[in-house]
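Accompanying notes for the structure given below.
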Amino acid sequence: MENQFDLTDDQREIQELARRFTADRITPHAGEWDEKHIFPRDTIKAAAELGFAAIYVSEESGGIALGRLEAALIMEAMAYGCPSTSAFISIHNMAAWMIDRFGSQTVKDKYLPDLVTMDRLASYCLTEPGSGSDAAALKTRAVRDGDDWLVTGSKQFISGAGENEVYVTMVRTGEEGPKGISALVIEKDMPGVSFGANERKLGWHSQPTRQVTFDNVRVPAENIVGGEGEGFRIAMMGLDGGRLNIGACSLGGAQRCLDEAIGYTKDRKQFGKAIADFQNTQFTLADMATELEAARALLYMAAAKVTANAPDKTRFAAMAKRLATD
């Protein structure tokens with residue numbers, strides 16, 4: 001933002017690009033995707049042609065190196081057409097960023113070229129059947145065996161599971177608690193990787209959500225992201241951006257709901273006039289618009305803080321996500 005109240009010209013151009021893509025490639029098809037549980041891989045890959053697969057991946061690694069506010073603008077715009085699809089793309093971005101930001105050059109060279117183009121798609125694997133909010137209690141374990149790690153355990157509610165080829169996975173390599181957690185890149189086709197049934201969900205059907213199981217999966221030691229024991233810190237840094245993105249997806253969906261509601265109240269007539277002309281309807285719409293703009297303002301501020309690595313970035317990202325998703 002050039003000041004605290006407005007977007008820059010570049011940010012508006014990025015926003016408009018995402019809006020045009022959404023109007024052309026997402027909105028006309030979103031209803032069918034949800035109804036028929038279609039995973040729109042071709043549309044998702046088309047987003048990569050605009051740089052939307054690597055929004056805050058560095059230019060050296062093939063990304064477009066934008067900030068978190070620009071990412072939020074893109075996610076919000078795409079969520080206007082389909083929050084589920086936008087959220088899926090946001091998770092891929094988070095996983096790609098983690099590899100770019102913390103991975104060795106070997107790991108970057110191995111995975112980022114295909115992630116930037118979305119020839120391969122990435123998931124983020126932290127949640128387990130027995131550890132959600134208490135992520136540091138995760139049980140999936142990796143034991144060193146020569147030049148490999150042997151991984152055993154399971155992850156729950158993983159977006160893209162079964163479809164995606166790459167899984168940035170938090171595993172326990174040491175002591176209990178956060179200091180014993182490391183991050184590994186695990187591939188779909190590695191022997192011992194399997195997937196559960198697609199979760200039954202209310203909406204959110206344009207992306208698969210499954211359990212991922214690791215049964216003594218042999219992962220090259222070079223696939224570690226960051227140092228041993230740094231996984232929890234990396235995961236939490238990823239979630240700062242993840243909270244912004246899911247909040248932005250909520251803004252996009254809420255804006256669509258508000259616009260549809262306004263359109264309906266103008267068309268629907270009772271007692272000889274449009275219900276939009278009734279003061280009670282106007283009060284309700286005004287409350288909806290006010291809450292939406294308040295959530296948007298907080299989320300944009302939090303995005304600026306995450307980009308600037310402000311000391312209170314995590315607190316603001318969490319508050320913005322809470323307000324926007326509610």
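Chain identifiers are assigned as A, B, and so on, following the order in which chains appear in the structure tokens; residues are numbered from 1 within each chain, and ligands are numbered from 1 in order of appearance.
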
Could you find all residues in range 55-168 of chain A that DSSP calls helix (DSSP H, G or I) from the backbone, and write them as a JSON list (two decimals) with C-alpha atoms, in the first residue's frame?
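This went into states_11.json:
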[["chain", "number", "residue", "atom", "x", "y", "z"],
["A", 59, "GLU", "CA", 12.53, -14.86, -8.84],
["A", 60, "GLU", "CA", 15.76, -16.89, -8.66],
["A", 61, "SER", "CA", 13.62, -20.00, -8.21],
["A", 68, "ARG", "CA", 1.66, -11.27, 1.14],
["A", 69, "LEU", "CA", -0.78, -8.46, 0.40],
["A", 70, "GLU", "CA", -0.54, -9.13, -3.32],
["A", 71, "ALA", "CA", -1.07, -12.83, -2.61],
["A", 72, "ALA", "CA", -4.16, -11.99, -0.55],
["A", 73, "LEU", "CA", -5.54, -9.87, -3.40],
["A", 74, "ILE", "CA", -5.10, -12.79, -5.80],
["A", 75, "MET", "CA", -6.68, -15.33, -3.46],
["A", 76, "GLU", "CA", -9.60, -13.03, -2.68],
["A", 77, "ALA", "CA", -10.24, -12.43, -6.37],
["A", 78, "MET", "CA", -10.18, -16.13, -7.26],
["A", 79, "ALA", "CA", -12.36, -17.02, -4.25],
["A", 83, "PRO", "CA", -13.29, -20.36, -2.49],
["A", 84, "SER", "CA", -12.41, -24.07, -2.58],
["A", 85, "THR", "CA", -10.26, -23.78, -5.70],
["A", 86, "SER", "CA", -8.61, -20.58, -4.49],
["A", 87, "ALA", "CA", -7.78, -22.20, -1.15],
["A", 88, "PHE", "CA", -6.24, -25.18, -2.92],
["A", 89, "ILE", "CA", -3.97, -22.90, -4.95],
["A", 90, "SER", "CA", -3.02, -21.05, -1.76],
["A", 91, "ILE", "CA", -1.84, -24.27, -0.10],
["A", 92, "HIS", "CA", 0.31, -25.14, -3.10],
["A", 93, "ASN", "CA", 1.86, -21.67, -2.81],
["A", 94, "MET", "CA", 2.58, -22.19, 0.88],
["A", 95, "ALA", "CA", 4.35, -25.49, 0.26],
["A", 96, "ALA", "CA", 6.37, -24.07, -2.64],
["A", 97, "TRP", "CA", 7.41, -21.08, -0.53],
["A", 98, "MET", "CA", 8.60, -23.33, 2.29],
["A", 99, "ILE", "CA", 10.85, -25.23, -0.10],
["A", 100, "ASP", "CA", 12.17, -22.02, -1.63],
["A", 101, "ARG", "CA", 12.70, -20.24, 1.67],
["A", 102, "PHE", "CA", 14.21, -23.06, 3.72],
["A", 105, "GLN", "CA", 19.67, -25.90, -3.39],
["A", 106, "THR", "CA", 19.37, -29.62, -4.04],
["A", 107, "VAL", "CA", 15.77, -29.68, -2.82],
["A", 108, "LYS", "CA", 14.93, -26.49, -4.70],
["A", 109, "ASP", "CA", 16.37, -27.85, -7.96],
["A", 110, "LYS", "CA", 14.54, -31.14, -7.49],
["A", 111, "TYR", "CA", 11.04, -29.76, -6.88],
["A", 112, "LEU", "CA", 10.56, -26.06, -7.60],
["A", 113, "PRO", "CA", 10.73, -26.10, -11.42],
["A", 114, "ASP", "CA", 7.69, -28.39, -11.58],
["A", 115, "LEU", "CA", 5.89, -26.65, -8.70],
["A", 116, "VAL", "CA", 6.26, -23.22, -10.30],
["A", 117, "THR", "CA", 4.54, -24.51, -13.46],
["A", 135, "ALA", "CA", 0.52, -29.43, 16.40],
["A", 136, "ALA", "CA", 3.71, -29.90, 18.43],
["A", 137, "ALA", "CA", 2.29, -33.21, 19.72]]

Contact residues around Asp34 in chain A with only C-alpha atoms at 9 Å, ignoring same-chain residues under 6 positions, as a short mmCIF file (atom, residue, chain, number, x, y, z; two decimals) with C-alpha atoms, in the first residue's frame:
data_model
loop_
_atom_site.label_atom_id
_atom_site.label_comp_id
_atom_site.auth_asym_id
_atom_site.auth_seq_id
_atom_site.Cartn_x
_atom_site.Cartn_y
_atom_site.Cartn_z
CA SER A 84 -12.41 -24.07 -2.58
CA GLY A 203 -19.21 -27.94 -0.05
CA TRP A 204 -15.47 -27.61 -0.77
CA HIS A 205 -15.84 -30.36 -3.38
CA SER A 206 -13.51 -29.00 -6.09
CA GLN A 207 -10.51 -30.28 -4.13
#

Can you list, as a short mmCIF file (atom, residue, chain, number, x, y, z; two decimals) with N, CA, C and O atoms, in the first residue's frame, all residues belonging to range 65-254 of chain A that DSSP tags as strand (DSSP E or B)?
data_model
loop_
_atom_site.label_atom_id
_atom_site.label_comp_id
_atom_site.auth_asym_id
_atom_site.auth_seq_id
_atom_site.Cartn_x
_atom_site.Cartn_y
_atom_site.Cartn_z
N GLY A 103 14.61 -24.66 1.93
CA GLY A 103 15.23 -25.85 1.35
C GLY A 103 16.64 -25.60 0.86
O GLY A 103 17.02 -24.47 0.52
N ALA A 122 1.54 -29.50 -4.83
CA ALA A 122 2.09 -29.74 -3.49
C ALA A 122 1.03 -29.58 -2.41
O ALA A 122 0.15 -28.72 -2.49
N SER A 123 1.16 -30.41 -1.37
CA SER A 123 0.33 -30.34 -0.17
C SER A 123 1.20 -30.01 1.03
O SER A 123 2.42 -30.23 1.02
N TYR A 124 0.54 -29.53 2.07
CA TYR A 124 1.17 -29.21 3.36
C TYR A 124 0.59 -30.18 4.38
O TYR A 124 -0.63 -30.23 4.58
N CYS A 125 1.46 -30.96 5.03
CA CYS A 125 1.00 -32.03 5.91
C CYS A 125 1.47 -31.79 7.34
O CYS A 125 2.63 -32.08 7.68
N GLU A 128 -2.72 -34.18 12.29
CA GLU A 128 -2.81 -35.63 12.45
C GLU A 128 -4.12 -35.98 13.15
O GLU A 128 -4.76 -35.10 13.74
N SER A 131 -3.59 -34.76 16.67
CA SER A 131 -2.98 -33.45 16.93
C SER A 131 -3.42 -32.47 15.86
O SER A 131 -3.03 -32.56 14.71
N ARG A 141 6.67 -40.26 12.71
CA ARG A 141 8.09 -40.33 13.08
C ARG A 141 8.96 -40.67 11.87
O ARG A 141 8.58 -41.48 11.02
N ALA A 142 10.14 -40.03 11.84
CA ALA A 142 11.15 -40.33 10.83
C ALA A 142 12.43 -40.77 11.55
O ALA A 142 12.93 -40.05 12.42
N VAL A 143 12.92 -41.94 11.19
CA VAL A 143 14.12 -42.51 11.80
C VAL A 143 15.21 -42.58 10.75
O VAL A 143 14.98 -43.07 9.64
N ARG A 144 16.38 -42.09 11.09
CA ARG A 144 17.48 -42.07 10.12
C ARG A 144 18.00 -43.48 9.87
O ARG A 144 18.19 -44.29 10.79
N ASP A 145 18.18 -43.79 8.59
CA ASP A 145 18.72 -45.10 8.17
C ASP A 145 19.69 -44.85 7.03
O ASP A 145 19.30 -44.80 5.86
N ASP A 148 18.96 -42.17 4.24
CA ASP A 148 17.52 -41.98 4.12
C ASP A 148 16.89 -41.74 5.49
O ASP A 148 17.50 -41.97 6.54
N TRP A 149 15.62 -41.30 5.43
CA TRP A 149 14.74 -41.32 6.58
C TRP A 149 13.66 -42.36 6.33
O TRP A 149 13.13 -42.46 5.22
N LEU A 150 13.30 -43.12 7.36
CA LEU A 150 12.17 -44.04 7.29
C LEU A 150 11.01 -43.41 8.05
O LEU A 150 11.10 -43.17 9.25
N VAL A 151 9.92 -43.13 7.32
CA VAL A 151 8.81 -42.36 7.87
C VAL A 151 7.60 -43.26 8.09
O VAL A 151 7.18 -43.99 7.18
N THR A 152 7.03 -43.18 9.29
CA THR A 152 5.83 -43.94 9.64
C THR A 152 4.86 -43.04 10.40
O THR A 152 5.26 -42.33 11.31
N GLY A 153 3.59 -43.09 10.00
CA GLY A 153 2.58 -42.28 10.67
C GLY A 153 1.48 -41.90 9.70
O GLY A 153 1.36 -42.48 8.61
N SER A 154 0.66 -40.93 10.09
CA SER A 154 -0.44 -40.50 9.22
C SER A 154 -0.74 -39.02 9.44
O SER A 154 -0.49 -38.47 10.50
N LYS A 155 -1.30 -38.41 8.41
CA LYS A 155 -1.73 -37.02 8.43
C LYS A 155 -3.20 -36.96 8.04
O LYS A 155 -3.65 -37.72 7.18
N GLN A 156 -3.93 -36.03 8.64
CA GLN A 156 -5.37 -35.98 8.49
C GLN A 156 -5.82 -34.69 7.80
O GLN A 156 -5.18 -33.65 7.96
N PHE A 157 -6.93 -34.77 7.06
CA PHE A 157 -7.55 -33.60 6.41
C PHE A 157 -6.57 -32.87 5.50
O PHE A 157 -6.46 -31.64 5.54
N ILE A 158 -5.86 -33.61 4.66
CA ILE A 158 -4.84 -33.01 3.80
C ILE A 158 -5.45 -32.63 2.45
O ILE A 158 -5.91 -33.49 1.69
N SER A 159 -5.44 -31.34 2.15
CA SER A 159 -5.95 -30.85 0.88
C SER A 159 -5.07 -31.34 -0.26
O SER A 159 -3.84 -31.21 -0.20
N VAL A 166 3.51 -33.97 -4.43
CA VAL A 166 4.54 -33.56 -3.48
C VAL A 166 3.88 -33.21 -2.14
O VAL A 166 2.87 -32.50 -2.12
N TYR A 167 4.46 -33.70 -1.03
CA TYR A 167 3.89 -33.49 0.30
C TYR A 167 4.98 -32.98 1.24
O TYR A 167 5.91 -33.72 1.58
N VAL A 168 4.88 -31.69 1.60
CA VAL A 168 5.81 -31.13 2.57
C VAL A 168 5.26 -31.52 3.95
O VAL A 168 4.22 -31.04 4.37
N THR A 169 5.99 -32.41 4.63
CA THR A 169 5.44 -33.15 5.77
C THR A 169 6.25 -32.89 7.03
O THR A 169 7.47 -33.00 7.03
N MET A 170 5.54 -32.58 8.12
CA MET A 170 6.19 -32.40 9.42
C MET A 170 6.27 -33.76 10.14
O MET A 170 5.25 -34.44 10.30
N VAL A 171 7.46 -34.12 10.54
CA VAL A 171 7.71 -35.43 11.15
C VAL A 171 8.55 -35.25 12.41
O VAL A 171 9.26 -34.25 12.57
N ARG A 172 8.47 -36.22 13.28
CA ARG A 172 9.27 -36.18 14.50
C ARG A 172 10.57 -36.93 14.26
O ARG A 172 10.57 -38.13 14.01
N ILE A 181 10.85 -31.69 15.84
CA ILE A 181 10.12 -31.80 14.57
C ILE A 181 10.96 -31.28 13.42
O ILE A 181 11.60 -30.23 13.53
N SER A 182 10.95 -32.02 12.31
CA SER A 182 11.64 -31.62 11.09
C SER A 182 10.65 -31.68 9.92
O SER A 182 9.57 -32.27 10.03
N ALA A 183 11.03 -31.06 8.82
CA ALA A 183 10.18 -31.04 7.62
C ALA A 183 10.85 -31.83 6.51
O ALA A 183 12.03 -31.63 6.22
N LEU A 184 10.10 -32.74 5.90
CA LEU A 184 10.60 -33.55 4.79
C LEU A 184 9.68 -33.39 3.58
O LEU A 184 8.47 -33.24 3.73
N VAL A 185 10.26 -33.47 2.39
CA VAL A 185 9.48 -33.53 1.16
C VAL A 185 9.32 -34.99 0.78
O VAL A 185 10.30 -35.70 0.55
N ILE A 186 8.07 -35.45 0.76
CA ILE A 186 7.75 -36.83 0.44
C ILE A 186 6.93 -36.85 -0.84
O ILE A 186 6.04 -36.02 -1.04
N GLU A 187 7.21 -37.82 -1.70
CA GLU A 187 6.53 -37.90 -2.99
C GLU A 187 5.42 -38.94 -2.96
O GLU A 187 5.51 -39.95 -2.28
N VAL A 193 3.50 -44.94 0.69
CA VAL A 193 2.58 -43.81 0.78
C VAL A 193 1.21 -44.26 0.28
O VAL A 193 1.09 -44.82 -0.82
N SER A 194 0.17 -44.03 1.08
CA SER A 194 -1.19 -44.39 0.66
C SER A 194 -2.17 -43.33 1.15
O SER A 194 -1.83 -42.48 1.99
N PHE A 195 -3.39 -43.41 0.65
CA PHE A 195 -4.38 -42.37 0.92
C PHE A 195 -5.71 -42.98 1.31
O PHE A 195 -6.12 -44.02 0.78
N THR A 209 -9.87 -34.07 -0.15
CA THR A 209 -9.34 -33.97 1.21
C THR A 209 -9.30 -35.37 1.78
O THR A 209 -10.36 -36.01 1.94
N ARG A 210 -8.10 -35.86 2.07
CA ARG A 210 -7.97 -37.25 2.50
C ARG A 210 -6.92 -37.37 3.61
O ARG A 210 -6.13 -36.47 3.85
N GLN A 211 -6.91 -38.54 4.24
CA GLN A 211 -5.81 -38.91 5.12
C GLN A 211 -4.64 -39.42 4.28
O GLN A 211 -4.85 -40.07 3.25
N VAL A 212 -3.44 -39.10 4.72
CA VAL A 212 -2.22 -39.63 4.08
C VAL A 212 -1.54 -40.54 5.10
O VAL A 212 -1.33 -40.15 6.25
N THR A 213 -1.19 -41.74 4.67
CA THR A 213 -0.54 -42.71 5.55
C THR A 213 0.85 -43.02 5.03
O THR A 213 1.04 -43.23 3.82
N PHE A 214 1.80 -43.05 5.94
CA PHE A 214 3.20 -43.39 5.62
C PHE A 214 3.56 -44.69 6.34
O PHE A 214 3.54 -44.74 7.57
N ASP A 215 3.86 -45.71 5.58
CA ASP A 215 4.20 -47.02 6.14
C ASP A 215 5.64 -47.34 5.82
O ASP A 215 5.95 -47.92 4.78
N ASN A 216 6.54 -46.92 6.71
CA ASN A 216 7.97 -47.18 6.53
C ASN A 216 8.46 -46.64 5.18
O ASN A 216 9.17 -47.32 4.43
N VAL A 217 8.08 -45.41 4.88
CA VAL A 217 8.44 -44.78 3.61
C VAL A 217 9.90 -44.34 3.66
O VAL A 217 10.32 -43.63 4.57
N ARG A 218 10.66 -44.74 2.66
CA ARG A 218 12.08 -44.38 2.60
C ARG A 218 12.22 -43.07 1.83
O ARG A 218 11.91 -42.99 0.63
N VAL A 219 12.68 -42.03 2.53
CA VAL A 219 12.81 -40.69 1.97
C VAL A 219 14.29 -40.28 1.99
O VAL A 219 14.94 -40.39 3.04
N PRO A 220 14.84 -39.82 0.87
CA PRO A 220 16.24 -39.40 0.88
C PRO A 220 16.51 -38.33 1.94
O PRO A 220 15.71 -37.41 2.12
N ILE A 224 15.22 -33.10 3.36
CA ILE A 224 14.87 -32.30 4.52
C ILE A 224 14.80 -30.83 4.13
O ILE A 224 15.58 -30.34 3.30
N VAL A 225 13.81 -30.14 4.67
CA VAL A 225 13.65 -28.70 4.42
C VAL A 225 14.07 -27.97 5.70
O VAL A 225 13.47 -28.15 6.75
#

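For the pair CA of Gly242 in chain A and CA of Ser133 in chain A, the interatomic distance is 14.4 Å.
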
Selection: 9 Å around range 276-292 of chain A, only C-alpha atoms, excl. self and same-chain fewer than 2 positions, as a PyMOL selection string = chain A and resi 251+254-255+258+261-269+273-274+294-297+323-324

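Using only C-alpha atoms, the protein and nucleic acid residues lying no more than 7 Å from Gly247 in chain A, apart from those fewer than 2 places from it along its own chain, are Arg243, Leu244, Asn245, Cys249, Ser250, Leu251, Ala320, Lys321, Ala324 and Thr325 of chain A.
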